[in-house]
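Student: Coordinates in target.txt, compact mmCIF, C-alpha atoms, are listed below.
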# COMPACT_ATOMS: atom_id res chain seq x y z
CA MET A 1 35.16 -39.93 -73.40
CA ASN A 2 31.67 -39.81 -74.92
CA THR A 3 28.54 -37.99 -73.82
CA PRO A 4 26.70 -40.83 -71.98
CA THR A 5 29.55 -41.31 -69.47
CA TRP A 6 29.58 -37.59 -68.70
CA LEU A 7 25.82 -37.73 -68.24
CA LEU A 8 26.25 -40.71 -65.92
CA ALA A 9 28.91 -38.92 -63.88
CA PHE A 10 26.88 -35.74 -63.46
CA GLY A 11 23.81 -37.88 -62.86
CA PHE A 12 25.71 -39.40 -59.96
CA ILE A 13 26.37 -35.99 -58.43
CA LEU A 14 22.67 -35.09 -58.62
CA LEU A 15 20.92 -38.43 -58.10
CA GLY A 16 23.63 -40.30 -56.18
CA PRO A 17 22.52 -39.00 -52.78
CA LEU A 18 18.89 -39.72 -53.63
CA VAL A 19 19.67 -43.36 -54.45
CA GLY A 20 21.84 -43.58 -51.33
CA ALA A 21 19.03 -42.13 -49.20
CA LEU A 22 16.53 -44.63 -50.59
CA LEU A 23 19.00 -47.44 -49.87
CA ALA A 24 19.34 -46.14 -46.30
CA GLY A 25 15.56 -45.88 -45.98
CA LEU A 26 15.06 -49.40 -47.31
CA ASP A 27 17.76 -50.58 -44.91
CA ARG A 28 15.91 -49.07 -41.93
CA ARG A 29 12.61 -50.54 -43.06
CA LEU A 30 14.09 -53.98 -43.63
CA THR A 31 15.77 -53.83 -40.23
CA ALA A 32 12.44 -52.92 -38.63
CA ARG A 33 10.67 -55.78 -40.40
CA MET A 34 13.35 -58.21 -39.22
CA GLN A 35 12.56 -57.07 -35.67
CA SER A 36 8.80 -57.45 -36.39
CA ARG A 37 8.30 -53.69 -36.31
CA GLN A 38 6.62 -51.60 -38.97
CA GLY A 39 9.52 -49.23 -39.39
CA PRO A 40 9.82 -45.63 -40.60
CA PRO A 41 8.67 -44.32 -44.01
CA LEU A 42 10.98 -45.01 -46.95
CA LEU A 43 11.97 -41.33 -47.16
CA GLN A 44 12.83 -41.10 -43.46
CA PRO A 45 16.59 -40.46 -44.04
CA ILE A 46 15.65 -37.47 -46.23
CA TYR A 47 13.29 -36.12 -43.55
CA ASP A 48 16.09 -36.52 -41.02
CA VAL A 49 18.56 -34.49 -43.07
CA LEU A 50 16.02 -31.76 -43.91
CA LYS A 51 15.27 -31.55 -40.20
CA LEU A 52 18.97 -31.24 -39.36
CA PHE A 53 19.15 -28.15 -41.57
CA GLU A 54 16.39 -26.60 -39.45
CA LYS A 55 18.35 -27.13 -36.25
CA ASP A 56 21.07 -24.94 -34.81
CA THR A 57 24.62 -26.05 -35.52
CA LEU A 58 26.83 -26.19 -32.45
CA VAL A 59 30.38 -25.52 -33.59
CA VAL A 60 33.22 -26.68 -31.36
CA THR A 61 35.88 -25.51 -33.80
CA GLY A 62 35.56 -23.85 -37.20
CA LEU A 63 37.80 -26.58 -38.61
CA GLN A 64 35.17 -29.29 -38.19
CA THR A 65 32.93 -27.87 -40.91
CA LEU A 66 35.90 -27.50 -43.29
CA TYR A 67 36.95 -31.11 -42.71
CA LEU A 68 33.38 -32.33 -43.19
CA TRP A 69 33.17 -30.51 -46.51
CA GLY A 70 36.43 -32.30 -47.39
CA PHE A 71 34.79 -35.60 -46.43
CA LEU A 72 31.84 -34.86 -48.71
CA PHE A 73 33.98 -33.45 -51.54
CA PHE A 74 36.33 -36.43 -51.84
CA MET A 75 33.40 -38.82 -51.54
CA VAL A 76 31.81 -37.12 -54.56
CA VAL A 77 35.17 -37.16 -56.40
CA SER A 78 35.51 -40.90 -55.75
CA GLY A 79 32.06 -41.63 -57.14
CA PHE A 80 32.49 -39.19 -60.03
CA ILE A 81 35.60 -41.09 -61.17
CA ILE A 82 33.76 -44.42 -61.10
CA PHE A 83 30.70 -43.20 -62.99
CA LEU A 84 32.91 -41.44 -65.52
CA GLY A 85 34.42 -44.85 -66.27
CA GLY A 86 37.77 -43.65 -64.91
CA ASP A 87 40.59 -45.20 -62.93
CA LEU A 88 39.31 -47.48 -60.16
CA LEU A 89 42.56 -47.17 -58.20
CA LEU A 90 42.23 -43.38 -58.13
CA SER A 91 38.67 -43.78 -56.89
CA VAL A 92 39.89 -45.95 -53.99
CA PHE A 93 42.42 -43.29 -53.04
CA ALA A 94 39.76 -40.56 -53.09
CA LEU A 95 37.53 -42.76 -50.91
CA THR A 96 40.38 -43.20 -48.42
CA VAL A 97 41.18 -39.47 -48.34
CA SER A 98 37.51 -38.80 -47.68
CA GLY A 99 37.57 -41.27 -44.76
CA ILE A 100 40.64 -39.55 -43.33
CA PHE A 101 38.82 -36.20 -43.48
CA LEU A 102 35.98 -37.62 -41.39
CA CYS A 103 38.49 -38.80 -38.79
CA LEU A 104 40.18 -35.38 -38.79
CA ALA A 105 36.82 -33.69 -38.27
CA ALA A 106 36.04 -35.96 -35.32
CA TYR A 107 39.52 -35.46 -33.81
CA SER A 108 39.23 -31.69 -34.13
CA THR A 109 36.16 -31.57 -31.88
CA ASN A 110 38.13 -32.97 -28.93
CA SER A 111 35.22 -34.82 -27.37
CA PRO A 112 36.41 -38.06 -25.75
CA TYR A 113 33.66 -39.98 -27.56
CA SER A 114 34.57 -38.67 -31.00
CA ASN A 115 38.25 -39.24 -30.19
CA VAL A 116 37.65 -42.88 -29.36
CA GLY A 117 35.37 -43.11 -32.38
CA SER A 118 37.97 -41.79 -34.80
CA SER A 119 40.74 -43.92 -33.28
CA ARG A 120 38.54 -46.93 -33.91
CA GLU A 121 37.71 -45.64 -37.39
CA LEU A 122 41.44 -45.44 -38.22
CA MET A 123 41.81 -49.00 -36.94
CA LEU A 124 38.91 -50.04 -39.18
CA MET A 125 40.59 -48.35 -42.14
CA MET A 126 43.67 -50.45 -41.45
CA ALA A 127 41.39 -53.47 -41.41
CA TYR A 128 39.56 -52.87 -44.71
CA GLU A 129 42.11 -50.95 -46.76
CA PRO A 130 44.26 -53.97 -47.86
CA MET A 131 41.18 -55.77 -49.17
CA LEU A 132 39.92 -52.61 -50.87
CA ILE A 133 43.25 -52.28 -52.71
CA LEU A 134 43.09 -55.93 -53.79
CA VAL A 135 39.82 -55.30 -55.64
CA PRO A 136 41.28 -52.97 -58.34
CA LEU A 137 44.35 -55.24 -58.51
CA GLY A 138 42.14 -58.25 -59.23
CA PHE A 139 40.20 -56.30 -61.86
CA TYR A 140 43.49 -55.25 -63.44
CA LEU A 141 44.71 -58.82 -63.72
CA VAL A 142 41.42 -59.91 -65.31
CA ALA A 143 40.54 -56.94 -67.52
CA ASP A 144 44.12 -55.68 -68.08
CA SER A 145 43.07 -52.17 -67.10
CA PHE A 146 42.22 -50.12 -64.02
CA ARG A 147 39.61 -48.19 -66.00
CA VAL A 148 36.02 -48.82 -64.99
CA SER A 149 34.88 -48.55 -68.62
CA ASP A 150 37.21 -51.45 -69.59
CA ILE A 151 36.13 -53.55 -66.59
CA VAL A 152 32.45 -53.11 -67.50
CA ALA A 153 33.26 -54.24 -71.05
CA GLY A 154 35.28 -57.21 -69.76
CA SER A 155 34.59 -60.95 -69.80
CA PRO A 156 31.39 -62.21 -68.15
CA TRP A 157 33.51 -64.84 -66.39
CA GLN A 158 35.38 -62.23 -64.35
CA VAL A 159 33.08 -62.63 -61.34
CA LEU A 160 33.99 -66.33 -61.17
CA GLN A 161 37.67 -65.59 -61.60
CA LEU A 162 37.41 -63.00 -58.84
CA SER A 163 35.09 -64.97 -56.54
CA GLY A 164 37.61 -64.92 -53.66
CA ILE A 165 38.04 -61.19 -54.00
CA LEU A 166 34.24 -60.77 -54.09
CA ILE A 167 33.93 -62.67 -50.79
CA GLY A 168 36.67 -60.53 -49.27
CA PHE A 169 35.02 -57.38 -50.59
CA LEU A 170 31.63 -58.38 -49.14
CA PHE A 171 33.39 -58.83 -45.80
CA VAL A 172 34.92 -55.34 -45.80
CA LEU A 173 31.67 -53.91 -47.19
CA THR A 174 30.17 -54.65 -43.78
CA ILE A 175 32.88 -52.46 -42.25
CA LYS A 176 32.45 -49.70 -44.84
CA LEU A 177 28.68 -49.58 -44.29
CA ARG A 178 29.25 -49.42 -40.51
CA LYS A 179 27.18 -52.51 -39.87
CA SER A 180 27.34 -54.92 -36.98
CA PRO A 181 29.58 -56.73 -36.14
CA PHE A 182 31.93 -53.94 -37.25
CA ASP A 183 30.00 -50.82 -36.21
CA LEU A 184 32.49 -49.98 -33.50
CA SER A 185 33.45 -46.48 -34.64
CA SER A 186 29.97 -45.00 -34.93
CA SER A 187 27.01 -47.15 -34.09
CA HIS A 188 23.52 -46.53 -35.42
CA HIS A 189 22.25 -46.62 -31.87
CA GLY A 190 23.35 -43.60 -29.91
CA HIS A 191 22.41 -44.93 -26.49
CA GLN A 192 25.43 -47.19 -26.22
CA GLU A 193 28.93 -47.07 -24.80
CA LEU A 194 30.35 -44.80 -27.48
CA VAL A 195 27.29 -42.47 -27.72
CA LYS A 196 27.57 -41.76 -31.46
CA GLY A 197 31.32 -42.24 -31.84
CA ILE A 198 32.65 -40.11 -34.68
CA THR A 199 29.53 -38.00 -35.09
CA THR A 200 29.00 -37.31 -31.37
CA ASP A 201 29.99 -33.66 -31.60
CA PHE A 202 28.37 -32.77 -34.91
CA SER A 203 24.93 -31.25 -34.91
CA GLY A 204 22.60 -29.45 -37.28
CA SER A 205 23.96 -28.84 -40.77
CA ASP A 206 27.32 -30.44 -39.91
CA LEU A 207 25.61 -33.76 -39.16
CA ALA A 208 23.53 -33.32 -42.31
CA LEU A 209 26.77 -33.13 -44.33
CA VAL A 210 27.92 -36.41 -42.80
CA GLU A 211 24.58 -38.03 -43.66
CA ILE A 212 24.66 -36.78 -47.26
CA ALA A 213 28.23 -38.07 -47.65
CA HIS A 214 27.03 -41.44 -46.34
CA TRP A 215 24.32 -41.47 -49.02
CA TYR A 216 26.98 -40.92 -51.68
CA GLU A 217 29.02 -43.67 -50.04
CA ASN A 218 26.06 -46.09 -50.24
CA THR A 219 25.74 -45.41 -53.96
CA ILE A 220 29.50 -45.80 -54.51
CA LEU A 221 29.62 -49.11 -52.66
CA LEU A 222 26.63 -50.38 -54.61
CA ALA A 223 28.47 -49.36 -57.79
CA TRP A 224 31.53 -51.34 -56.64
CA LEU A 225 29.36 -54.40 -56.11
CA TYR A 226 27.76 -53.84 -59.50
CA LEU A 227 31.20 -53.72 -61.10
CA PHE A 228 31.82 -57.38 -60.26
CA PHE A 229 28.76 -58.45 -62.25
CA ALA A 230 28.78 -55.59 -64.78
CA PRO A 231 29.81 -57.65 -67.87
CA LEU A 232 26.71 -59.86 -67.32
CA GLY A 233 24.51 -56.94 -68.31
CA LEU A 234 22.31 -54.53 -66.38
CA ALA A 235 19.35 -56.91 -66.01
CA VAL A 236 21.41 -59.54 -64.18
CA ALA A 237 24.03 -57.40 -62.49
CA LEU A 238 21.81 -54.84 -60.77
CA PRO A 239 19.48 -57.32 -58.97
CA LEU A 240 22.53 -59.36 -57.89
CA ALA A 241 24.23 -56.24 -56.52
CA PHE A 242 21.03 -55.28 -54.66
CA VAL A 243 20.62 -58.73 -53.13
CA LEU A 244 24.20 -58.77 -51.88
CA PHE A 245 23.88 -55.17 -50.62
CA PHE A 246 20.82 -56.03 -48.54
CA ALA A 247 22.37 -59.27 -47.32
CA GLU A 248 24.46 -56.86 -45.24
CA VAL A 249 21.27 -55.83 -43.42
CA LEU A 250 20.70 -59.44 -42.41
CA VAL A 251 24.28 -59.66 -41.15
CA ASP A 252 23.77 -56.38 -39.28
CA ASN A 253 20.74 -57.74 -37.46
CA THR A 254 22.17 -61.10 -36.53
CA HIS A 255 25.56 -60.15 -35.12
CA ALA A 256 26.85 -58.56 -31.95
CA ARG A 257 29.64 -55.98 -32.08
CA LEU A 258 33.24 -57.17 -32.19
CA LYS A 259 36.24 -55.59 -30.49
CA TRP A 260 38.68 -53.71 -32.71
CA SER A 261 41.40 -56.33 -32.35
CA SER A 262 39.13 -59.18 -33.44
CA THR A 263 37.85 -57.01 -36.31
CA LEU A 264 41.41 -56.37 -37.49
CA LYS A 265 42.39 -60.03 -37.20
CA ALA A 266 39.23 -61.28 -38.89
CA SER A 267 39.38 -58.89 -41.82
CA TRP A 268 43.10 -59.48 -42.47
CA LEU A 269 42.54 -63.22 -42.27
CA VAL A 270 39.74 -62.97 -44.84
CA THR A 271 41.92 -60.67 -46.98
CA ILE A 272 44.74 -63.25 -47.00
CA VAL A 273 42.65 -66.41 -47.27
CA PHE A 274 40.26 -65.18 -49.98
CA GLY A 275 41.81 -62.05 -51.51
CA VAL A 276 45.51 -62.89 -51.78
CA THR A 277 44.88 -66.56 -52.58
CA ASN A 278 42.55 -65.50 -55.37
CA LEU A 279 45.20 -63.14 -56.76
CA MET A 280 47.83 -65.89 -56.70
CA LEU A 281 45.54 -68.41 -58.40
CA LEU A 282 44.43 -65.94 -61.09
CA PRO A 283 47.27 -66.74 -63.55
CA LEU A 284 46.19 -70.41 -63.43
CA MET A 285 42.57 -69.55 -64.18
CA THR A 286 43.09 -67.44 -67.30
CA MET B 1 5.66 -27.60 -42.72
CA SER B 2 8.59 -28.24 -40.49
CA PHE B 3 10.49 -31.48 -40.90
CA LEU B 4 11.07 -31.51 -37.15
CA LYS B 5 7.63 -33.09 -36.88
CA LYS B 6 8.64 -35.92 -39.18
CA SER B 7 11.91 -36.76 -37.51
CA PRO B 8 12.00 -35.99 -33.79
CA TRP B 9 15.02 -37.51 -32.11
CA VAL B 10 14.58 -38.01 -28.39
CA LEU B 11 17.01 -38.01 -25.53
CA HIS B 12 16.01 -39.92 -22.45
CA TYR B 13 17.36 -39.28 -18.98
CA ALA B 14 16.25 -40.82 -15.69
CA ALA B 15 16.68 -38.08 -13.07
CA THR B 16 16.58 -40.24 -9.93
CA SER B 17 13.57 -42.15 -11.13
CA CYS B 18 12.44 -45.55 -9.80
CA ASN B 19 12.80 -46.78 -13.44
CA GLY B 20 9.09 -47.56 -13.73
CA CYS B 21 8.51 -44.74 -16.23
CA ASP B 22 11.81 -45.53 -17.97
CA ILE B 23 10.69 -49.06 -18.66
CA GLU B 24 7.37 -47.76 -20.03
CA LEU B 25 9.26 -45.21 -22.13
CA LEU B 26 11.54 -47.86 -23.61
CA ALA B 27 8.45 -50.00 -24.24
CA CYS B 28 7.48 -47.33 -26.80
CA LEU B 29 10.46 -48.44 -28.91
CA THR B 30 9.49 -52.11 -28.86
CA PRO B 31 7.54 -53.81 -31.69
CA THR B 32 4.20 -53.30 -29.89
CA TYR B 33 4.33 -49.50 -30.05
CA ASP B 34 7.25 -48.94 -32.48
CA VAL B 35 7.60 -45.16 -32.41
CA GLU B 36 10.16 -45.36 -35.22
CA ARG B 37 7.06 -45.44 -37.44
CA PHE B 38 6.90 -41.69 -36.83
CA GLY B 39 10.64 -41.22 -37.33
CA ILE B 40 11.25 -41.06 -33.59
CA VAL B 41 14.73 -42.29 -32.76
CA ASN B 42 16.20 -42.69 -29.30
CA THR B 43 19.59 -41.00 -29.41
CA GLY B 44 21.91 -41.05 -26.45
CA ASN B 45 23.47 -37.82 -27.61
CA PRO B 46 22.13 -34.41 -26.48
CA LYS B 47 23.69 -32.72 -29.52
CA HIS B 48 21.52 -34.79 -31.86
CA ALA B 49 18.33 -34.58 -29.80
CA ASP B 50 15.18 -32.50 -30.37
CA ILE B 51 13.05 -33.70 -27.47
CA PHE B 52 14.33 -34.18 -23.95
CA LEU B 53 12.37 -36.83 -22.02
CA VAL B 54 13.00 -36.72 -18.29
CA THR B 55 11.64 -38.97 -15.59
CA GLY B 56 12.12 -38.88 -11.83
CA SER B 57 11.99 -36.37 -9.01
CA VAL B 58 15.50 -34.84 -9.48
CA ASN B 59 17.99 -34.59 -6.65
CA GLU B 60 21.15 -32.53 -6.39
CA GLU B 61 23.25 -35.10 -8.27
CA SER B 62 20.89 -35.49 -11.21
CA ARG B 63 20.15 -31.73 -11.34
CA LYS B 64 23.64 -31.07 -12.71
CA VAL B 65 23.18 -33.73 -15.38
CA VAL B 66 19.73 -32.48 -16.37
CA GLU B 67 20.96 -28.89 -16.70
CA ASN B 68 24.05 -29.99 -18.63
CA LEU B 69 22.07 -32.14 -21.07
CA TYR B 70 19.53 -29.36 -21.58
CA ALA B 71 22.28 -26.83 -22.29
CA GLN B 72 23.96 -29.14 -24.80
CA MET B 73 20.85 -29.61 -26.93
CA PRO B 74 20.75 -27.34 -29.98
CA ASP B 75 17.67 -25.13 -30.50
CA PRO B 76 14.81 -25.66 -31.28
CA LYS B 77 14.16 -28.11 -28.45
CA VAL B 78 11.38 -29.14 -26.08
CA VAL B 79 11.28 -30.87 -22.71
CA VAL B 80 8.75 -33.52 -21.74
CA ALA B 81 8.46 -34.49 -18.07
CA ILE B 82 7.20 -38.05 -17.69
CA GLY B 83 5.54 -39.54 -14.62
CA ALA B 84 4.18 -38.25 -11.33
CA CYS B 85 7.66 -37.73 -9.84
CA ALA B 86 8.82 -35.61 -12.77
CA LEU B 87 5.67 -33.49 -12.46
CA SER B 88 5.60 -32.79 -8.76
CA GLY B 89 7.93 -35.15 -6.94
CA GLY B 90 5.19 -37.77 -6.65
CA ILE B 91 5.34 -39.88 -3.53
CA PHE B 92 8.83 -38.53 -2.86
CA ARG B 93 7.76 -34.86 -2.76
CA ASP B 94 8.18 -34.61 1.02
CA ALA B 95 11.61 -36.21 0.99
CA TYR B 96 14.40 -33.85 2.08
CA ASN B 97 16.69 -34.74 -0.81
CA VAL B 98 14.54 -34.17 -3.91
CA TYR B 99 13.68 -31.00 -5.81
CA GLY B 100 10.25 -32.40 -6.65
CA GLY B 101 9.64 -31.84 -10.33
CA ILE B 102 11.71 -31.24 -13.45
CA ASP B 103 10.32 -27.71 -13.82
CA LYS B 104 12.18 -26.71 -10.66
CA VAL B 105 15.38 -27.19 -12.68
CA ILE B 106 14.70 -26.60 -16.39
CA PRO B 107 11.66 -25.24 -18.28
CA VAL B 108 9.18 -28.04 -19.07
CA ASP B 109 6.79 -27.88 -22.04
CA VAL B 110 4.69 -31.02 -21.71
CA TYR B 111 3.69 -32.89 -18.55
CA VAL B 112 2.80 -36.58 -18.89
CA PRO B 113 1.09 -37.83 -15.71
CA GLY B 114 0.94 -41.39 -14.43
CA CYS B 115 2.69 -43.70 -12.00
CA ALA B 116 4.05 -45.22 -14.08
CA ALA B 117 3.05 -43.27 -17.20
CA ARG B 118 1.52 -45.57 -19.83
CA PRO B 119 3.31 -45.91 -23.19
CA GLU B 120 0.17 -44.54 -24.90
CA SER B 121 0.22 -41.39 -22.78
CA ILE B 122 3.97 -40.97 -23.33
CA ILE B 123 3.45 -41.14 -27.11
CA ASP B 124 0.57 -38.68 -26.73
CA GLY B 125 2.87 -36.34 -24.79
CA ILE B 126 5.53 -36.52 -27.51
CA VAL B 127 2.90 -35.75 -30.18
CA LYS B 128 1.83 -32.67 -28.16
CA ALA B 129 5.50 -31.69 -27.87
CA LEU B 130 5.85 -31.84 -31.66
CA ASP B 131 3.43 -28.91 -32.11
CA ILE B 132 5.43 -26.86 -29.64
CA LEU B 133 8.62 -27.90 -31.43
CA GLU B 134 7.22 -26.65 -34.72
CA GLU B 135 6.33 -23.28 -33.14
CA ARG B 136 9.86 -23.03 -31.75
CA ALA B 137 11.32 -23.86 -35.16
CA LYS B 138 9.38 -21.00 -36.75
CA GLU B 139 10.44 -18.64 -33.99
CA ARG B 140 14.06 -19.74 -34.35
CA LYS B 141 13.92 -19.20 -38.11
CA ARG B 142 12.67 -15.66 -37.53
CA GLN B 143 15.45 -15.03 -35.00
CA ARG B 144 18.09 -16.23 -37.45
CA LYS B 145 16.84 -13.72 -40.02
CA VAL B 146 17.22 -10.89 -37.51
CA VAL B 147 20.61 -11.99 -36.23
CA PRO B 148 22.50 -14.23 -38.72
CA ALA B 149 24.20 -17.10 -36.90
Please, can you express the file's structure as structure tokens?

Tutor:
Amino acid sequence: MNTPTWLLAFGFILLGPLVGALLAGLDRRLTARMQSRQGPPLLQPIYDVLKLFEKDTLVVTGLQTLYLWGFLFFMVVSGFIIFLGGDLLLSVFALTVSGIFLCLAAYSTNSPYSNVGSSRELMLMMAYEPMLILVPLGFYLVADSFRVSDIVAGSPWQVLQLSGILIGFLFVLTIKLRKSPFDLSSSHHGHQELVKGITTDFSGSDLALVEIAHWYENTILLAWLYLFFAPLGLAVALPLAFVLFFAEVLVDNTHARLKWSSTLKASWLVTIVFGVTNLMLLPLMT
Amino acid sequence: MSFLKKSPWVLHYAATSCNGCDIELLACLTPTYDVERFGIVNTGNPKHADIFLVTGSVNEESRKVVENLYAQMPDPKVVVAIGACALSGGIFRDAYNVYGGIDKVIPVDVYVPGCAARPESIIDGIVKALDILEERAKERKRQRKVVPA
């Protein structure tokens, strides 16, 4: 483990949320432009979080804050492992644990809206988790290692070999980013049937924690996308990752929300058709 | 400077309104007026809201909802009454079943007149409310120093 990777990992802890916030801000601006509106300033997500720290925090149960810190902590751990060049599989597990903590926090508040929200979130986890596990598996079969540092140093052809898995990953990325048509656990628009779903009962600094964790999540997911193209070099991989990341905004703005059962069916179908098929064909391609 | 001014999240409730003001209020979110330029987001959740926008003349049924929503909003918060009915009961003020004004039920900070109130005047009312919100934020900060939460 050399110095640059440590720098990168600690850089993620410090700058990760900033990058994530800018991604979120760009997302909101792009969304506004697609609806022929001007949209908020680029730094709006940061203003929002700083405001939330000025507000009172209504606590339903002391547990909720503990669980939310768990959500944030494991999110940081997951990203830290990736940027350290560590084990991708371990990073997936940390990401999952972090998601479970968010559900626990929402369940602990006992509001019917957050209860429905976290039930749906668990259903979504069942929908995206198989595909998320297939990604490290695919990388392992191509690069012969779960380590991010080995994957980055792998063959430039890996993205073609893993094209099915990339399609499957892009599909579940929509779920992970809570975009339409899969924003059924916590929609961006609070004035709908589920109010705010999971985050309904969090306010003030508690909600700020959720937002900061989401910024980290944005950065982590962008890093996952980058990983597919990483052997092509920074100059090619980063723009490609950005384009695919913001393609999600287009999807978000052009789709209506699905029901949980259709979400589950659709994502498992994509997992099998693209992900599993790709895995089975991999030995023929190498 | 308080960041409340840069990111006011509003909660909208129609307390027995004829929906005229509500339509004008929602027009503020449309591309023509686009209040998200100023970071204003319409949340449906009182626990996330900073500004409570109420329309209508309030009757017994909606009184409970208005009081409940107001109580659920975390401090600092402000209330904006929108439209003639929310100010005084409007043309319904003599009706036996209305309270006639939001301030009969909860404390109101800004009154936006009009039947229906124009989107421009609603935005103006929210901008006025922002100054009050900032004052409240300072006051709340001082209170927290005296009595830690």

Student: Please measure the separation of atom CA of A:Ser155 and atom CA of A:Ile167, giving the value in Å to one decimal.

Tutor: 19.1 Å

Student: Show me, as a PyMOL selection string, every residue of chain B with an atom at most 12 Å from chain A, counting all atoms listed in the file.

Tutor: chain B and resi 1-13+26+28-50+71-77+133-134+136-144+148-149

Student: For stretch 146-161 of chain A, what centre and edge lengths in Å (one decimal) does the axis-aligned box get once 3 Å is added on each side of all its listed atoms, as AutoDock Vina command-line options?

Tutor:
--center_x 36.8 --center_y -57.3 --center_z -66.1 --size_x 16.8 --size_y 24.1 --size_z 15.9

Student: Write out as a PyMOL selection string which residues come within 7 Å of A:Gly164 when counting only C-alpha atoms, dropping same-chain ones fewer than 5 positions away.

Tutor: chain A and resi 274-275+278

Student: Could you save the residues just selected, with C-alpha atoms, as a PDB file, in the coordinates of the input?

Tutor:
ATOM      1  CA  PHE A 274      40.260 -65.180 -49.980  1.00  0.00           C
ATOM      2  CA  GLY A 275      41.810 -62.050 -51.510  1.00  0.00           C
ATOM      3  CA  ASN A 278      42.550 -65.500 -55.370  1.00  0.00           C
TER       4      ASN A 278
END

Student: Please determine, counting all atoms listed in the file, which residue among B:Lys104, B:Ala95, B:Glu67, B:Val54 has the shortest atom-to-atom distance to B:Val80.

Tutor: B:Val54

Student: Write out as an NGL selection string which residues come within 8 Å of A:Tyr128 when counting only C-alpha atoms, dropping same-chain ones fewer than 6 positions away.

Tutor: :A and (172 or 175-176 or 267-268)

Student: Could you check the closest approach to B:Tyr111 for each of B:Gly56, B:Ala86, B:Tyr96, B:Asp131 and tell me which residue wins, using all atoms listed in the file?

Tutor: B:Ala86

Student: Can you work out which one of A:Asn253, A:Ser98, A:Ser261, A:Ser185 has the shortest atom-to-atom distance to A:Phe71, counting all atoms listed in the file?

Tutor: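 Using all atoms listed in the file, A:Phe71 sits closest to A:Ser98.
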
Student: Name the closest residue to A:Pro283 among the candidates A:Pro4, A:Gly154, A:Gly138, A:Gly62; distances are taken between atoms, counting all atoms listed in the file.

Tutor: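 Selected residue with least distance to A:Pro283: A:Gly138.
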
Student: Please provide the set of residues having any atom within 12 Å of A:Phe83, restricted to all atoms listed in the file, with same-chain residues fewer than 4 positions apart removed, written as a PyMOL selection string.

Tutor: chain A and resi 1+4-13+15-16+76-79+87-88+91+147-149+152+219-224+226-227

Student: One number please: atom CA of A:Ile212 to atom CA of A:Gln64, in Å, one decimal.

Tutor: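 Atom CA of A:Gln64 lies 15.8 Å from atom CA of A:Ile212.
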
Student: So how far away is atom CA of A:Leu30 from atom CA of A:Gly233, in Å?

Tutor: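 Here the two named atoms are 27.0 Å from each other.
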
Student: Using only C-alpha atoms, find the one residue out of A:Leu282, A:Leu84, A:Leu72, A:Leu184 that sits nearest to A:Val116.

Tutor: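 Residue with the minimum atom-to-atom distance to A:Val116: A:Leu184.
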
Student: Ranking B:Leu53, B:Cys21, B:Ala129, B:Val58 by minimum distance to B:Arg93 and counting all atoms listed in the file, which one comes first?

Tutor: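 With all atoms listed in the file as the atom set, the closest residue is B:Val58.
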